[in-house]
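**Student:** If you scroll down you'll find the structure; I have some questions about it.
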Amino acid sequence: MSRPVTIAAIVTTFNEERNIARCLASLRWCDSILVVDSFSTDATPEIVRATPGVTLVQRPYLGAAAQKNWAMDQVEADWILHFDADEECTPALQAEIEALLAAGPGHNAYTIRRRVLFMGREIRFSGWQRDRVVRLVRKGWARYANLRVHERMRTVGPAPVLRNPMLHHMIDTFDEYVKRVAGYGYLGAAQAWRDGRRSGCLQVFFRPTWRFFRMFFLQLGFLDGMHGLVFCMVQSYATYVKWATLWAWRVNAARGRQPQLPPFDDDPATWEFNPPTT
């Protein structure tokens, strides 16, 4: 399909040898693909280098938002499409984006729904059936907010939801995902520490309990059977790790022991957002 504008895909990676080839294959229709790798120790860089038409750069990981903001500054294109390595662009989504760009987009950003897959099975409930992220943006008109985890895009104007979803191969092997979830909890605690937040019984006990109850019962996670039960419990575990870690850090700080926080990107240029005025 002929379109008057160019589109660049950005993919951020770390140790994604199981997923990266599938992700890149689904984005071959883009004018260019930039992979920003955080010095993977598996075969990810070799797979990317062997993929025609893909540019690989490596940069220390200072959070998903920082990585993606930096990557957006490296590409020359009218539009940018963000994908994580464990995501896949479906043919239907590709066709919708191609048609949108050919017709002339009426907005500066668009939201894409995600179908979440847990060990090969779609999670249809638990609230994740409404999972959606802003991923298609006009260059210069969107920027990620300064958050160490759970990045959030700032846009100029609304970001309508596209009709067709992407696939998110969120959990392939459970043991690997549990480690990743614990890492998310640690990063969330680090962000909360920097924001000056505190943690006590309400956060450590009631927040994880409420999250499980909301996802499993109120958002019908039980309809996904055993997959739904395990999925909801691991999400509540992530909440527990975050607030329990923050509590432990506050206790140790009172004893004169400061936490070892992950590195943050404190370069103002990473977070500067000056969209065009016209």
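Residue numbering restarts at 1 for every chain of the structure tokens, chains are lettered A, B, ... in their displayed order, and ligands are numbered from 1 as they appear.
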Among region 97-144 of chain A, which ones does DSSP place in alpha helix (DSSP H), written as a VMD selection string?
**Tutor:** chain A and resid 97 to 103
**Student:** Please tabulate, as JSON lines, the residues of region 65-149 of chain A that come within 12 Å of region 249-269 of chain A, each with its closest pair of atoms and the distance in Å to one decimal, counting only C-alpha atoms and ordering rows by chain, then residue number upward.
**Tutor:**
```
{"residue": "A:Ala65", "atom": "CA", "partner": "A:Asp265", "partner_atom": "CA", "distance": 9.5}
{"residue": "A:Ala66", "atom": "CA", "partner": "A:Asp265", "partner_atom": "CA", "distance": 6.5}
{"residue": "A:Gln67", "atom": "CA", "partner": "A:Asp265", "partner_atom": "CA", "distance": 9.2}
{"residue": "A:Lys68", "atom": "CA", "partner": "A:Asp265", "partner_atom": "CA", "distance": 11.9}
{"residue": "A:Asn69", "atom": "CA", "partner": "A:Ala269", "partner_atom": "CA", "distance": 9.4}
{"residue": "A:Trp70", "atom": "CA", "partner": "A:Ala269", "partner_atom": "CA", "distance": 8.9}
{"residue": "A:Asp73", "atom": "CA", "partner": "A:Ala269", "partner_atom": "CA", "distance": 10.1}
{"residue": "A:Arg143", "atom": "CA", "partner": "A:Ala269", "partner_atom": "CA", "distance": 11.3}
{"residue": "A:Ala145", "atom": "CA", "partner": "A:Pro268", "partner_atom": "CA", "distance": 11.7}
{"residue": "A:Asn146", "atom": "CA", "partner": "A:Asp265", "partner_atom": "CA", "distance": 8.6}
{"residue": "A:Leu147", "atom": "CA", "partner": "A:Phe264", "partner_atom": "CA", "distance": 9.1}
{"residue": "A:Arg148", "atom": "CA", "partner": "A:Phe264", "partner_atom": "CA", "distance": 7.0}
{"residue": "A:Val149", "atom": "CA", "partner": "A:Phe264", "partner_atom": "CA", "distance": 10.6}
```
**Student:** Can I get the selected residues back with N, CA, C and O atoms, as a short mmCIF file (atom, residue, chain, number, x, y, z; two decimals), in the first residue's frame?
**Tutor:**
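So selection32.cif came out as:
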```cif
data_model
loop_
_atom_site.label_atom_id
_atom_site.label_comp_id
_atom_site.auth_asym_id
_atom_site.auth_seq_id
_atom_site.Cartn_x
_atom_site.Cartn_y
_atom_site.Cartn_z
N ALA A 65 11.31 3.54 29.81
CA ALA A 65 10.96 4.87 29.31
C ALA A 65 12.19 5.60 28.80
O ALA A 65 12.17 6.21 27.72
N ALA A 66 13.28 5.55 29.57
CA ALA A 66 14.51 6.22 29.14
C ALA A 66 15.05 5.60 27.85
O ALA A 66 15.50 6.32 26.94
N GLN A 67 14.99 4.28 27.77
CA GLN A 67 15.50 3.59 26.60
C GLN A 67 14.72 3.98 25.34
O GLN A 67 15.28 4.22 24.28
N LYS A 68 13.40 4.05 25.48
CA LYS A 68 12.55 4.34 24.33
C LYS A 68 12.63 5.81 23.94
O LYS A 68 12.58 6.15 22.74
N ASN A 69 12.73 6.71 24.91
CA ASN A 69 12.91 8.12 24.57
C ASN A 69 14.21 8.33 23.80
O ASN A 69 14.25 9.06 22.80
N TRP A 70 15.28 7.70 24.29
CA TRP A 70 16.56 7.81 23.60
C TRP A 70 16.46 7.26 22.18
O TRP A 70 16.97 7.86 21.22
N ASP A 73 14.93 9.49 19.52
CA ASP A 73 15.80 10.56 19.04
C ASP A 73 16.79 10.08 17.99
O ASP A 73 17.45 10.89 17.33
N ARG A 143 6.17 11.61 24.11
CA ARG A 143 7.37 11.34 24.90
C ARG A 143 6.96 10.55 26.13
O ARG A 143 5.90 10.79 26.73
N ALA A 145 6.99 9.54 30.00
CA ALA A 145 7.18 10.23 31.26
C ALA A 145 8.34 9.62 32.03
O ALA A 145 8.74 8.48 31.80
N ASN A 146 8.89 10.38 32.96
CA ASN A 146 10.07 9.97 33.73
C ASN A 146 9.66 8.97 34.81
O ASN A 146 9.44 9.34 35.98
N LEU A 147 9.58 7.71 34.44
CA LEU A 147 9.26 6.63 35.35
C LEU A 147 10.24 5.48 35.11
O LEU A 147 10.53 5.15 33.96
N ARG A 148 10.71 4.86 36.19
CA ARG A 148 11.70 3.78 36.06
C ARG A 148 11.06 2.47 35.61
O ARG A 148 11.72 1.60 35.04
N VAL A 149 9.76 2.29 35.87
CA VAL A 149 9.06 1.07 35.50
C VAL A 149 7.63 1.43 35.13
O VAL A 149 7.12 2.48 35.53
#
```
**Student:** Leaving out Ala92 (chain A) and any residue of its chain fewer than 2 positions from it, which residues lie within 9 Å of it when counting only C-alpha atoms, given as a ChimeraX atom specification?
**Tutor:** /A:89-90,94-97,164-166
**Student:** Restricting it to C-alpha atoms, dump the selection as a compact mmCIF listing (two decimals), in the first residue's frame.
**Tutor:**
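Output saved as result11.txt:
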```
# COMPACT_ATOMS: atom_id res chain seq x y z
CA CYS A 89 2.42 -7.27 15.03
CA THR A 90 -0.45 -9.19 13.47
CA GLN A 94 -0.28 -4.00 10.00
CA ALA A 95 -3.02 -3.50 7.42
CA GLU A 96 -4.88 -1.10 9.71
CA ILE A 97 -1.77 1.01 10.38
CA ASN A 164 -6.84 -4.65 15.72
CA PRO A 165 -4.60 -5.83 18.58
CA MET A 166 -0.99 -6.91 18.79
```
**Student:** Residues of region 43-263 of chain A in strand (DSSP E) according to DSSP, as a ChimeraX atom specification?
**Tutor:** /A:54-58,79-84,87-88,109-118,121-122,132-138,142-144,153-155,166-171
**Student:** Considering only C-alpha atoms, can you say which of A:Ser236, A:Arg113, A:Ser126, A:Thr270 comes closest to Phe216 (chain A)?
**Tutor:**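 Residue with the minimum atom-to-atom distance to Phe216 (chain A): A:Ser126.
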**Student:** With only C-alpha atoms as the atoms that count, which of A:Pro4, A:Pro276, A:Pro208, A:Gly225 lies nearest to Gly104 (chain A)?
**Tutor:**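 So, comparing all the options, the nearest one is A:Pro4.
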**Student:** Identify, on the basis of only C-alpha atoms, every residue whose closest approach to Ala109 (chain A) does not exceed 7 Å; exclude the query and any residue fewer than 2 positions from it along the same chain; express the result as a compact mmCIF listing (two decimals) with C-alpha atoms, in the first residue's frame.
**Tutor:**
```txt
# COMPACT_ATOMS: atom_id res chain seq x y z
CA HIS A 107 -4.27 12.39 15.52
CA THR A 111 -3.29 3.25 21.21
CA VAL A 134 0.14 4.04 23.23
CA LEU A 136 2.08 4.51 17.34
CA VAL A 137 3.18 8.14 17.53
CA ARG A 138 4.04 11.00 15.23
CA THR A 155 0.91 12.77 23.90
CA ALA A 159 -4.69 8.75 21.30
```
**Student:** Excluding Arg3 (chain A) and residues on its chain fewer than 5 positions from it, collect all residues at most 10 Å away from it, counting only C-alpha atoms, and give them as number ranges by chain.
**Tutor:** A: 98-104
**Student:** Neighbouring residues of Ile20 (chain A) were defined as those with any atom within 8 Å, considering only C-alpha atoms; residues of the same chain fewer than 5 positions away were excluded. Please report them as a list in words.
**Tutor:**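 Neighbouring residues, sequence-local ones excluded: Thr13, Thr44, Ile47, Val48, Ala85 and Asp86 of chain A.
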**Student:** Pick from A:Asp42, A:Asp37, A:Met72, A:Trp193: nearest to Arg59 (chain A), with only C-alpha atoms counted?
**Tutor:** A:Asp37
**Student:** Within 7 Å of Val156 (chain A), counting only C-alpha atoms, which residues qualify if same-chain residues fewer than 2 places away don't, as a list in words?
**Tutor:** Asn108, Trp141, Ala142 and Pro158 of chain A
**Student:** Go ahead and save the residues from that selection, with C-alpha atoms, as a compact mmCIF listing (two decimals), in the first residue's frame.
**Tutor:**
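The new file selection.txt reads:
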```
# COMPACT_ATOMS: atom_id res chain seq x y z
CA ASN A 108 -0.68 12.49 16.75
CA TRP A 141 4.62 14.71 19.29
CA ALA A 142 4.93 12.16 22.10
CA PRO A 158 -6.04 12.13 22.34
```
**Student:** Quick one: of A:Leu162, A:Val181, A:Ile33, A:Val57, who's nearest to Val234 (chain A), counting only C-alpha atoms?
**Tutor:**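 When distances to Val234 (chain A) are compared using only C-alpha atoms, the smallest one comes from A:Val181.
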**Student:** Counting only C-alpha atoms, which residue out of A:Asn274, A:Ser199, A:Gln74, A:Gln219 sits closest to Gly140 (chain A)?
**Tutor:**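 Closest to Gly140 (chain A), using only C-alpha atoms: A:Asn274.
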**Student:** What is the CA of His169 (chain A) to CA of Gln191 (chain A) distance in Å?
**Tutor:**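 These two atoms are separated by 26.0 Å.
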**Student:** Closest to Trp79 (chain A) among A:Thr245, A:Gln203, A:Gln129, A:Thr6, using only C-alpha atoms?
**Tutor:**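 Comparing A:Thr245, A:Gln203, A:Gln129, A:Thr6 against Trp79 (chain A), the winner is A:Thr6.
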